[in-house]
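Q: One structure coming up, written as structure tokens, with questions to follow.
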Amino acid sequence: MTKIRRLIPVLLLLVYTVTAHADSGLNDGYLWKAGVARVVITPEYPVWMAGYSSRTSPSDGKLHDLWAKALVLEDASGNRSLLVTMDLLSIPKDFSDEMRGWVKERYGLDNARIILSTSHTHSGPVISRALKDIYPMSDGDWEAVDRYTEELKEMLHGLIDQAMQRLQPAYLSTGNGILRFQVNRRNNRENSITPLTELKGPNDYSVPVMKIERADNSLLAILFGYACHPTTLAINQLSGDYPGFAQIELEKLYPGATAMFFQGGGADQNPIPRRSIPLAKQYGKELAAAVERVLSEDMERQESVLTTGYAEIDLPFQEPLPISELEKIAQGKDYQAKWAAGILHDMRSGNPIMTSYPYPVGFWRMGQQTLFVLGGELLISYTISLKETYGLNIFVMGYANDVMGYIPGKKVLDEGGYEGDTSQRVYGLPAKWGPSIETLIIEGIKGLYPGN
């Protein structure tokens with residue numbers, strides 16, 4: 001009898017452990033594994049900042065740190081994927097290909113299961129040789145960029161390793177919020193907007209949110225997006241602009257959680273008014289509040305089933321401008337003159353001129369939640385088109401895996417202007433996109449995505 005009495009507490013403990021284990025849902029069909037890591041990527045020395053051709057000197061301090069953050073997901077069948085978000089303007093193809101190649105060699109993940117996402121802040125450092133013609137940089141400035149680019153690669157390697165090592169049981173839930181400080185810059189003149197102005201043009205005010213919880217329901221990470229250029233600021237101090245302030249605010253609201261931002265189809269959307277630090281903070285707090293509202297509501301928990309897809313669509317260019325027009329542009333003194341001179345040099349040297357570009361598209365489907373992933377500076381019309389086809393609750397990410405130029409729809413191509421006519425010169429592309437670009441992208445996604 002004494003032995004039995006001694007065993008009772010042990011048996012009760014075992015019963016409690018099994019019951020608690022079952023209650024936590026560790027064996028249910030909604031349990032994922034998630035690993036999260038973060039690293040400061042702020043340059044420790046002055047480096048040229050990306051996004052504006054008007055800057056004339058390198059960075060001069062910071063408003064707050066820049067971050068790279070990684071999220072690894074693994075479903076119940078062992079299918080694994082990696083998302084890296086970065087407080088950077090963009091990454092070019094060579095950088096992306098090298099980084100994704102490293103991930104594949106080390107962890108066996110193909111491009112369908114890797115997303116390298118940039119917020120498009122115009123207050124981060126230049127990477128590699130992206131947009132090289134627009135910056136009035138010396139050889140010494142480029143040496144600093146090269147040094148930082150190599151340091152960034154090493155920091156990302158360590159970041160990804162950490163996230164992979166930290167996999168733990170987790171739940172995923174999704175929802176959409178709303179926020180209205182974006183303004184379509186093609187259809188509204190910034191200096192003519194007043195409080196009584198009727199804003200025009202297409203837009204998408206959604207705030208996609210994914211909540212990643214530990215098995216005990218504590219918050220591990222928050223993934224959220226918005227479609228709007230981070231161009232509130234144009235000073236020489238490094239920052240993540242409004243997305244950076246939003247992430248800071250959310251991490252204050254939810255201690256112990258990592259907030260990760262992704263850019264939507266915001267290439268033709270600007271924050272207006274802008275050009276002050278208080279406004280950048282305000283927009284960041286507004287975005288954080290929109291995310292907080294979604295997190296406070298009932299969100300849809302997603303089944304532990306991951307499906308991914310990836311393709312590179314061959315997008316054709318139109319014929320280059322005639323030599324006479326290129327010669328005229330080359331006589332100028334801005335970045336367009338550098339661009340035209342480069343095209344002329346290739347023509348006269350017999351160097352091949354690009355006639356098309358391998359444009360990356362993909363998707364992640366997590367339970368019933370689909371995230372479409374597109375490269376380049378994606379215009380809002382693509383988000384609208386995808387939502388008309390697949391429903392308002394989908395997530396759309398632009399600026400991912402390779403940012404090679406603006407991605408306009410047919411209407412904008414026909415209208416011209418910066419996004420449709422001359423923006424390709426900023427990126428060193430040889431000519432405008434062909435008129436079939438929108439059809440090729442949308443049809444390419446439909447052919448790739450199994451939810452048709």
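Residues are named by chain letter and number: chains run A, B, ... in the order of the structure tokens, numbers start at 1 in each chain, and ligands are numbered from 1 in the order shown.
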Can you list every residue of region 48-97 of chain A that has an atom at most 10 Å from region 222-234 of chain A, with its nearest atom pair and the distance in Å to one decimal, using only C-alpha atoms, ordered by chain then number, as a Markdown table?
A:
```
| residue | atom | partner | partner_atom | distance |
| --- | --- | --- | --- | --- |
| A:Met49 | CA | A:Ala234 | CA | 9.8 |
| A:Gly51 | CA | A:Thr231 | CA | 8.8 |
| A:Tyr52 | CA | A:Ala234 | CA | 7.7 |
| A:Ser54 | CA | A:Ala234 | CA | 9.2 |
| A:Arg55 | CA | A:Ala234 | CA | 8.4 |
| A:Leu71 | CA | A:Leu223 | CA | 9.1 |
| A:Thr85 | CA | A:Leu223 | CA | 9.5 |
| A:Leu89 | CA | A:Pro230 | CA | 8.9 |
```
Q: Write out as an NGL selection string each polymer residue whose atoms come within 9 Å of region 199-210 of chain A, counting only C-alpha atoms; drop sequence neighbours fewer than 2 positions from it.
A: :A and (172-188 or 193 or 197 or 212 or 221-227 or 265-266 or 268-269 or 287 or 290-291 or 294-295 or 299 or 380-381 or 383-384 or 392-396)
Q: Export C-alpha atoms of the chosen residues as a PDB file, in the first residue's frame?
A:
```
ATOM      1  CA  LEU A 172      -0.248  30.370 -38.185  1.00  0.00           C
ATOM      2  CA  SER A 173      -3.274  32.662 -38.393  1.00  0.00           C
ATOM      3  CA  THR A 174      -4.073  35.266 -41.046  1.00  0.00           C
ATOM      4  CA  GLY A 175      -6.290  38.282 -41.647  1.00  0.00           C
ATOM      5  CA  ASN A 176      -6.518  41.608 -43.478  1.00  0.00           C
ATOM      6  CA  GLY A 177      -6.698  45.128 -42.097  1.00  0.00           C
ATOM      7  CA  ILE A 178      -7.080  48.522 -43.744  1.00  0.00           C
ATOM      8  CA  LEU A 179      -5.102  51.782 -43.824  1.00  0.00           C
ATOM      9  CA  ARG A 180      -5.422  54.868 -46.027  1.00  0.00           C
ATOM     10  CA  PHE A 181      -2.309  57.048 -46.142  1.00  0.00           C
ATOM     11  CA  GLN A 182      -1.211  55.790 -49.570  1.00  0.00           C
ATOM     12  CA  VAL A 183      -1.999  58.041 -52.549  1.00  0.00           C
ATOM     13  CA  ASN A 184      -1.743  57.065 -56.216  1.00  0.00           C
ATOM     14  CA  ARG A 185       0.997  59.401 -57.372  1.00  0.00           C
ATOM     15  CA  ARG A 186       0.195  59.089 -61.064  1.00  0.00           C
ATOM     16  CA  ASN A 187      -3.325  60.413 -60.656  1.00  0.00           C
ATOM     17  CA  ASN A 188      -2.839  63.008 -57.903  1.00  0.00           C
ATOM     18  CA  ILE A 193      -3.577  67.921 -52.701  1.00  0.00           C
ATOM     19  CA  THR A 197      -9.127  67.026 -52.563  1.00  0.00           C
ATOM     20  CA  ILE A 212       2.851  33.153 -35.752  1.00  0.00           C
ATOM     21  CA  ALA A 221       6.322  36.739 -34.949  1.00  0.00           C
ATOM     22  CA  ILE A 222       4.108  39.120 -36.895  1.00  0.00           C
ATOM     23  CA  LEU A 223       4.352  39.262 -40.684  1.00  0.00           C
ATOM     24  CA  PHE A 224       2.552  42.226 -42.222  1.00  0.00           C
ATOM     25  CA  GLY A 225       2.516  44.281 -45.404  1.00  0.00           C
ATOM     26  CA  TYR A 226       1.335  47.466 -47.069  1.00  0.00           C
ATOM     27  CA  ALA A 227       1.470  48.804 -50.621  1.00  0.00           C
ATOM     28  CA  GLY A 265       2.295  46.539 -55.145  1.00  0.00           C
ATOM     29  CA  GLY A 266       3.229  50.032 -54.040  1.00  0.00           C
ATOM     30  CA  ASP A 268       2.745  53.929 -57.947  1.00  0.00           C
ATOM     31  CA  GLN A 269       1.684  54.740 -54.376  1.00  0.00           C
ATOM     32  CA  LEU A 287       0.352  50.959 -39.740  1.00  0.00           C
ATOM     33  CA  ALA A 290      -3.901  48.641 -38.237  1.00  0.00           C
ATOM     34  CA  VAL A 291      -1.930  45.454 -37.559  1.00  0.00           C
ATOM     35  CA  VAL A 294      -6.239  42.571 -36.862  1.00  0.00           C
ATOM     36  CA  LEU A 295      -4.286  40.760 -34.148  1.00  0.00           C
ATOM     37  CA  MET A 299      -8.029  35.460 -37.240  1.00  0.00           C
ATOM     38  CA  ILE A 380      -0.998  48.321 -57.770  1.00  0.00           C
ATOM     39  CA  SER A 381      -2.911  47.171 -60.868  1.00  0.00           C
ATOM     40  CA  THR A 383      -2.676  43.389 -56.928  1.00  0.00           C
ATOM     41  CA  ILE A 384      -6.132  44.446 -58.097  1.00  0.00           C
ATOM     42  CA  LEU A 392      -9.834  39.865 -51.584  1.00  0.00           C
ATOM     43  CA  ASN A 393      -8.132  37.866 -48.829  1.00  0.00           C
ATOM     44  CA  ILE A 394      -5.000  36.923 -50.769  1.00  0.00           C
ATOM     45  CA  PHE A 395      -1.659  38.529 -49.909  1.00  0.00           C
ATOM     46  CA  VAL A 396       0.434  40.133 -52.670  1.00  0.00           C
TER      47      VAL A 396
END
```
Q: Counting only C-alpha atoms, which of A:Trp67, A:Trp102, A:Trp32, A:Tyr148 gets nearest to Phe245 (chain A)?
A: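 Smallest separation from Phe245 (chain A) among the options: A:Trp67.
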Q: For Asp65 (chain A), please output as a list in words all residues within 10 Å (counting only C-alpha atoms; exclusion window: fewer than 4 positions along the same chain).
A: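 Counting only C-alpha atoms, the residues come to Val39, Val40, Ile41, Thr42, Pro43, Gly61, Asp87, Gly124, Leu238, Ser239, Gly240, Gly244 and Ile248 of chain A.
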Q: Just how far from CA of Tyr283 (chain A) is CA of Thr56 (chain A), in Å to one decimal?
A: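 According to the coordinates, CA of Thr56 (chain A) and CA of Tyr283 (chain A) are separated by 27.0 Å.
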Q: Tell me, which residues of region 80-184 of chain A carry DSSP strand (DSSP E or B), written as a PDB file with N, CA and C atoms, in the first residue's frame?
A:
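Ended up saving to part_9.pdb:
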```pdb
ATOM      1  N   ARG A  80       9.501  22.627 -46.081  1.00  0.00           N
ATOM      2  CA  ARG A  80      10.107  23.773 -45.405  1.00  0.00           C
ATOM      3  C   ARG A  80      10.278  24.937 -46.378  1.00  0.00           C
ATOM      4  N   SER A  81      10.142  26.154 -45.861  1.00  0.00           N
ATOM      5  CA  SER A  81      10.345  27.360 -46.675  1.00  0.00           C
ATOM      6  C   SER A  81      11.012  28.434 -45.833  1.00  0.00           C
ATOM      7  N   LEU A  82      11.601  29.425 -46.526  1.00  0.00           N
ATOM      8  CA  LEU A  82      12.367  30.483 -45.874  1.00  0.00           C
ATOM      9  C   LEU A  82      11.955  31.841 -46.430  1.00  0.00           C
ATOM     10  N   LEU A  83      11.632  32.768 -45.534  1.00  0.00           N
ATOM     11  CA  LEU A  83      11.381  34.162 -45.888  1.00  0.00           C
ATOM     12  C   LEU A  83      12.388  35.036 -45.166  1.00  0.00           C
ATOM     13  N   VAL A  84      13.063  35.914 -45.909  1.00  0.00           N
ATOM     14  CA  VAL A  84      13.954  36.909 -45.321  1.00  0.00           C
ATOM     15  C   VAL A  84      13.424  38.287 -45.700  1.00  0.00           C
ATOM     16  N   THR A  85      13.151  39.132 -44.703  1.00  0.00           N
ATOM     17  CA  THR A  85      12.761  40.518 -44.962  1.00  0.00           C
ATOM     18  C   THR A  85      13.927  41.427 -44.597  1.00  0.00           C
ATOM     19  N   MET A  86      14.117  42.487 -45.392  1.00  0.00           N
ATOM     20  CA  MET A  86      15.264  43.377 -45.200  1.00  0.00           C
ATOM     21  C   MET A  86      14.852  44.833 -45.344  1.00  0.00           C
ATOM     22  N   ILE A 114      11.989  29.878 -51.285  1.00  0.00           N
ATOM     23  CA  ILE A 114      12.810  30.970 -50.750  1.00  0.00           C
ATOM     24  C   ILE A 114      12.220  32.301 -51.207  1.00  0.00           C
ATOM     25  N   ILE A 115      12.039  33.210 -50.277  1.00  0.00           N
ATOM     26  CA  ILE A 115      11.644  34.582 -50.609  1.00  0.00           C
ATOM     27  C   ILE A 115      12.647  35.531 -49.968  1.00  0.00           C
ATOM     28  N   LEU A 116      13.253  36.375 -50.780  1.00  0.00           N
ATOM     29  CA  LEU A 116      14.108  37.456 -50.304  1.00  0.00           C
ATOM     30  C   LEU A 116      13.362  38.754 -50.561  1.00  0.00           C
ATOM     31  N   SER A 117      12.889  39.375 -49.507  1.00  0.00           N
ATOM     32  CA  SER A 117      11.953  40.497 -49.610  1.00  0.00           C
ATOM     33  C   SER A 117      12.593  41.783 -49.086  1.00  0.00           C
ATOM     34  N   THR A 118      12.410  42.875 -49.814  1.00  0.00           N
ATOM     35  CA  THR A 118      12.923  44.175 -49.386  1.00  0.00           C
ATOM     36  C   THR A 118      11.769  45.155 -49.183  1.00  0.00           C
ATOM     37  N   PRO A 125      21.141  51.506 -47.446  1.00  0.00           N
ATOM     38  CA  PRO A 125      22.375  51.570 -48.232  1.00  0.00           C
ATOM     39  C   PRO A 125      22.220  50.997 -49.641  1.00  0.00           C
ATOM     40  N   GLN A 168      10.469  25.481 -33.883  1.00  0.00           N
ATOM     41  CA  GLN A 168       9.689  25.063 -32.729  1.00  0.00           C
ATOM     42  C   GLN A 168       8.228  24.946 -33.139  1.00  0.00           C
ATOM     43  N   PRO A 169       7.407  24.204 -32.394  1.00  0.00           N
ATOM     44  CA  PRO A 169       5.982  24.105 -32.727  1.00  0.00           C
ATOM     45  C   PRO A 169       5.323  25.480 -32.745  1.00  0.00           C
ATOM     46  N   ALA A 170       4.452  25.692 -33.710  1.00  0.00           N
ATOM     47  CA  ALA A 170       3.832  27.010 -33.861  1.00  0.00           C
ATOM     48  C   ALA A 170       2.512  26.894 -34.602  1.00  0.00           C
ATOM     49  N   TYR A 171       1.708  27.935 -34.474  1.00  0.00           N
ATOM     50  CA  TYR A 171       0.454  28.064 -35.212  1.00  0.00           C
ATOM     51  C   TYR A 171       0.512  29.307 -36.093  1.00  0.00           C
ATOM     52  N   LEU A 172      -0.147  29.241 -37.252  1.00  0.00           N
ATOM     53  CA  LEU A 172      -0.248  30.370 -38.185  1.00  0.00           C
ATOM     54  C   LEU A 172      -1.707  30.801 -38.297  1.00  0.00           C
ATOM     55  N   SER A 173      -1.941  32.099 -38.188  1.00  0.00           N
ATOM     56  CA  SER A 173      -3.274  32.662 -38.393  1.00  0.00           C
ATOM     57  C   SER A 173      -3.143  33.900 -39.264  1.00  0.00           C
ATOM     58  N   THR A 174      -4.156  34.167 -40.097  1.00  0.00           N
ATOM     59  CA  THR A 174      -4.073  35.266 -41.046  1.00  0.00           C
ATOM     60  C   THR A 174      -5.333  36.119 -41.036  1.00  0.00           C
ATOM     61  N   GLY A 175      -5.172  37.362 -41.509  1.00  0.00           N
ATOM     62  CA  GLY A 175      -6.290  38.282 -41.647  1.00  0.00           C
ATOM     63  C   GLY A 175      -5.860  39.510 -42.413  1.00  0.00           C
ATOM     64  N   ASN A 176      -6.801  40.385 -42.736  1.00  0.00           N
ATOM     65  CA  ASN A 176      -6.518  41.608 -43.478  1.00  0.00           C
ATOM     66  C   ASN A 176      -7.073  42.818 -42.742  1.00  0.00           C
ATOM     67  N   GLY A 177      -6.260  43.858 -42.640  1.00  0.00           N
ATOM     68  CA  GLY A 177      -6.698  45.128 -42.097  1.00  0.00           C
ATOM     69  C   GLY A 177      -6.824  46.169 -43.187  1.00  0.00           C
ATOM     70  N   ILE A 178      -6.911  47.440 -42.774  1.00  0.00           N
ATOM     71  CA  ILE A 178      -7.080  48.522 -43.744  1.00  0.00           C
ATOM     72  C   ILE A 178      -6.393  49.782 -43.229  1.00  0.00           C
ATOM     73  N   GLN A 182      -1.790  55.878 -48.235  1.00  0.00           N
ATOM     74  CA  GLN A 182      -1.211  55.790 -49.570  1.00  0.00           C
ATOM     75  C   GLN A 182      -2.031  56.626 -50.558  1.00  0.00           C
ATOM     76  N   VAL A 183      -1.347  57.235 -51.511  1.00  0.00           N
ATOM     77  CA  VAL A 183      -1.999  58.041 -52.549  1.00  0.00           C
ATOM     78  C   VAL A 183      -1.404  57.644 -53.894  1.00  0.00           C
ATOM     79  N   ASN A 184      -2.251  57.397 -54.886  1.00  0.00           N
ATOM     80  CA  ASN A 184      -1.743  57.065 -56.216  1.00  0.00           C
ATOM     81  C   ASN A 184      -1.069  58.299 -56.810  1.00  0.00           C
TER      82      ASN A 184
END
```
Q: One number please: CA of Ile134 (chain A) to CA of Arg425 (chain A), in Å, one decimal.
A: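 Pair CA of Ile134 (chain A) / CA of Arg425 (chain A) returns 9.3 Å.
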Q: Apply DSSP to the backbone of this structure and, from region 290-435 of chain A, keep only the residues in alpha helix (DSSP H); write these as number ranges by chain.
A: A: 290-296, 323-330, 335-349, 380-390, 410-415, 417, 423-426
Q: Please save C-alpha atoms of the selected residues as a CSV table (one decimal), in the first residue's frame.
A:
```csv
chain,number,residue,atom,x,y,z
A,290,ALA,CA,-3.9,48.6,-38.2
A,291,VAL,CA,-1.9,45.5,-37.6
A,292,GLU,CA,-2.8,45.6,-33.9
A,293,ARG,CA,-6.5,45.7,-34.7
A,294,VAL,CA,-6.2,42.6,-36.9
A,295,LEU,CA,-4.3,40.8,-34.1
A,296,SER,CA,-7.0,41.7,-31.6
A,323,ILE,CA,20.5,56.0,-82.3
A,324,SER,CA,19.6,59.7,-83.0
A,325,GLU,CA,17.4,59.8,-79.9
A,326,LEU,CA,20.0,58.1,-77.8
A,327,GLU,CA,22.6,60.5,-78.9
A,328,LYS,CA,20.4,63.4,-78.0
A,329,ILE,CA,19.7,62.0,-74.5
A,330,ALA,CA,23.4,61.2,-74.0
A,335,TYR,CA,21.6,59.7,-65.1
A,336,GLN,CA,19.6,59.3,-68.3
A,337,ALA,CA,22.7,60.6,-70.2
A,338,LYS,CA,24.8,57.8,-68.6
A,339,TRP,CA,22.1,55.3,-69.5
A,340,ALA,CA,22.0,56.4,-73.2
A,341,ALA,CA,25.8,56.5,-73.4
A,342,GLY,CA,25.9,52.9,-72.2
A,343,ILE,CA,23.4,51.7,-74.7
A,344,LEU,CA,25.2,53.5,-77.5
A,345,HIS,CA,28.5,52.0,-76.5
A,346,ASP,CA,27.0,48.5,-76.5
A,347,MET,CA,25.4,49.1,-80.0
A,348,ARG,CA,28.6,50.4,-81.5
A,349,SER,CA,30.8,47.7,-79.9
A,380,ILE,CA,-1.0,48.3,-57.8
A,381,SER,CA,-2.9,47.2,-60.9
A,382,TYR,CA,-1.4,43.7,-60.5
A,383,THR,CA,-2.7,43.4,-56.9
A,384,ILE,CA,-6.1,44.4,-58.1
A,385,SER,CA,-6.1,42.0,-61.0
A,386,LEU,CA,-5.0,39.1,-58.7
A,387,LYS,CA,-7.6,39.9,-56.1
A,388,GLU,CA,-10.3,40.0,-58.8
A,389,THR,CA,-9.3,36.5,-59.8
A,390,TYR,CA,-8.5,34.9,-56.4
A,410,LYS,CA,-0.7,47.9,-70.1
A,411,LYS,CA,-2.7,51.0,-69.2
A,412,VAL,CA,0.4,52.7,-67.7
A,413,LEU,CA,2.5,51.6,-70.6
A,414,ASP,CA,0.1,53.2,-73.0
A,415,GLU,CA,-0.1,56.4,-70.8
A,417,GLY,CA,5.2,58.9,-67.8
A,423,SER,CA,11.8,54.4,-65.3
A,424,GLN,CA,13.6,51.5,-67.0
A,425,ARG,CA,16.6,53.9,-67.6
A,426,VAL,CA,17.1,54.1,-63.8
```
Q: Measuring atom to atom with only C-alpha atoms, identify which of A:Thr149, A:Gly375, A:Thr194, A:Gly428 is nearest to Leu131 (chain A).
A: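 Nearest candidate to Leu131 (chain A) out of A:Thr149, A:Gly375, A:Thr194, A:Gly428: A:Gly428.
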Q: Distance CA of Gly376 (chain A)-CA of Glu319 (chain A), one decimal place?
A: 20.7 Å
Q: Can you pull out the residues contacting region 164-167 of chain A? Cut-off 12 Å, using only C-alpha atoms, and skip same-chain residues under 6 positions away; I want them as a list of chain:residue names.
A: A:Trp32, A:Lys33, A:Ala34, A:Gly35, A:Val36, A:Ala37, A:Arg38, A:Ala70, A:Leu71, A:Val72, A:Leu73, A:Glu74, A:Asp75, A:Gly78, A:Arg80, A:Ser81, A:Leu82, A:Leu83, A:Val84, A:Val103, A:Arg106, A:Tyr107, A:Leu109, A:His157, A:Gly158, A:Arg214, A:Ala215, A:Leu220
Q: Please write the residues from the selection above to a file, keeping N, CA and C atoms, as a tab-separated table (two decimals), in the first residue's frame.
A:
```tsv
chain	number	residue	atom	x	y	z
A	32	TRP	N	2.38	23.77	-37.03
A	32	TRP	CA	3.55	23.97	-37.87
A	32	TRP	C	4.79	23.92	-36.99
A	33	LYS	N	5.93	24.09	-37.65
A	33	LYS	CA	7.16	24.48	-36.98
A	33	LYS	C	7.59	25.82	-37.56
A	34	ALA	N	8.09	26.69	-36.70
A	34	ALA	CA	8.54	28.01	-37.15
A	34	ALA	C	9.84	28.36	-36.45
A	35	GLY	N	10.75	28.95	-37.20
A	35	GLY	CA	12.00	29.46	-36.64
A	35	GLY	C	12.17	30.91	-37.03
A	36	VAL	N	12.52	31.74	-36.07
A	36	VAL	CA	12.63	33.19	-36.30
A	36	VAL	C	13.98	33.68	-35.81
A	37	ALA	N	14.59	34.57	-36.57
A	37	ALA	CA	15.86	35.19	-36.16
A	37	ALA	C	15.92	36.60	-36.72
A	38	ARG	N	16.79	37.42	-36.18
A	38	ARG	CA	16.93	38.81	-36.62
A	38	ARG	C	18.37	39.26	-36.43
A	70	ALA	N	14.42	36.75	-40.43
A	70	ALA	CA	14.16	35.49	-41.15
A	70	ALA	C	13.06	34.71	-40.46
A	71	LEU	N	12.21	34.10	-41.28
A	71	LEU	CA	11.16	33.21	-40.81
A	71	LEU	C	11.25	31.91	-41.59
A	72	VAL	N	11.45	30.81	-40.90
A	72	VAL	CA	11.44	29.48	-41.50
A	72	VAL	C	10.13	28.79	-41.09
A	73	LEU	N	9.42	28.24	-42.07
A	73	LEU	CA	8.20	27.50	-41.81
A	73	LEU	C	8.37	26.06	-42.25
A	74	GLU	N	7.80	25.15	-41.48
A	74	GLU	CA	7.80	23.73	-41.86
A	74	GLU	C	6.42	23.17	-41.55
A	75	ASP	N	5.80	22.54	-42.57
A	75	ASP	CA	4.46	22.00	-42.34
A	75	ASP	C	4.52	20.59	-41.76
A	78	GLY	N	6.77	18.06	-43.36
A	78	GLY	CA	8.19	18.35	-43.44
A	78	GLY	C	8.59	19.28	-44.56
A	80	ARG	N	9.50	22.63	-46.08
A	80	ARG	CA	10.11	23.77	-45.40
A	80	ARG	C	10.28	24.94	-46.38
A	81	SER	N	10.14	26.15	-45.86
A	81	SER	CA	10.35	27.36	-46.67
A	81	SER	C	11.01	28.43	-45.83
A	82	LEU	N	11.60	29.43	-46.53
A	82	LEU	CA	12.37	30.48	-45.87
A	82	LEU	C	11.95	31.84	-46.43
A	83	LEU	N	11.63	32.77	-45.53
A	83	LEU	CA	11.38	34.16	-45.89
A	83	LEU	C	12.39	35.04	-45.17
A	84	VAL	N	13.06	35.91	-45.91
A	84	VAL	CA	13.95	36.91	-45.32
A	84	VAL	C	13.42	38.29	-45.70
A	103	VAL	N	21.56	29.09	-50.08
A	103	VAL	CA	20.52	28.43	-49.29
A	103	VAL	C	20.23	27.03	-49.85
A	106	ARG	N	23.08	24.65	-48.96
A	106	ARG	CA	23.21	24.37	-47.53
A	106	ARG	C	21.99	23.64	-46.96
A	107	TYR	N	20.79	24.01	-47.45
A	107	TYR	CA	19.57	23.49	-46.85
A	107	TYR	C	18.63	22.76	-47.83
A	109	LEU	N	16.75	23.93	-50.22
A	109	LEU	CA	15.53	24.63	-50.63
A	109	LEU	C	15.69	25.21	-52.03
A	157	HIS	N	23.83	35.00	-44.03
A	157	HIS	CA	24.15	33.59	-43.82
A	157	HIS	C	23.93	33.20	-42.36
A	158	GLY	N	24.47	34.01	-41.45
A	158	GLY	CA	24.31	33.73	-40.03
A	158	GLY	C	22.86	33.81	-39.59
A	214	ARG	N	3.61	30.57	-30.72
A	214	ARG	CA	4.22	29.36	-30.18
A	214	ARG	C	3.11	28.39	-29.77
A	215	ALA	N	3.50	27.18	-29.41
A	215	ALA	CA	2.51	26.17	-29.04
A	215	ALA	C	1.70	26.57	-27.82
A	220	LEU	N	5.10	34.74	-31.38
A	220	LEU	CA	6.48	34.57	-31.82
A	220	LEU	C	6.87	35.60	-32.87
```
Q: Taking only C-alpha atoms into account, which of A:Leu429, A:Met99, A:Leu253, A:Leu306 comes nearest Met366 (chain A)?
A: A:Leu306
Q: Of the candidates A:Pro435, A:Gly444, A:Gly405, A:Pro358, which shows the shortest atom-to-atom distance to Glu377 (chain A), using only C-alpha atoms?
A: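 Closest to Glu377 (chain A) of all the choices is A:Gly405.
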Q: Out of A:Asp141, A:Asp28, A:Glu105, A:Asp110, which residue has the shortest atom-to-atom distance to Val47 (chain A) when counting only C-alpha atoms?
A: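 With only C-alpha atoms as the atom set, the closest residue is A:Asp141.
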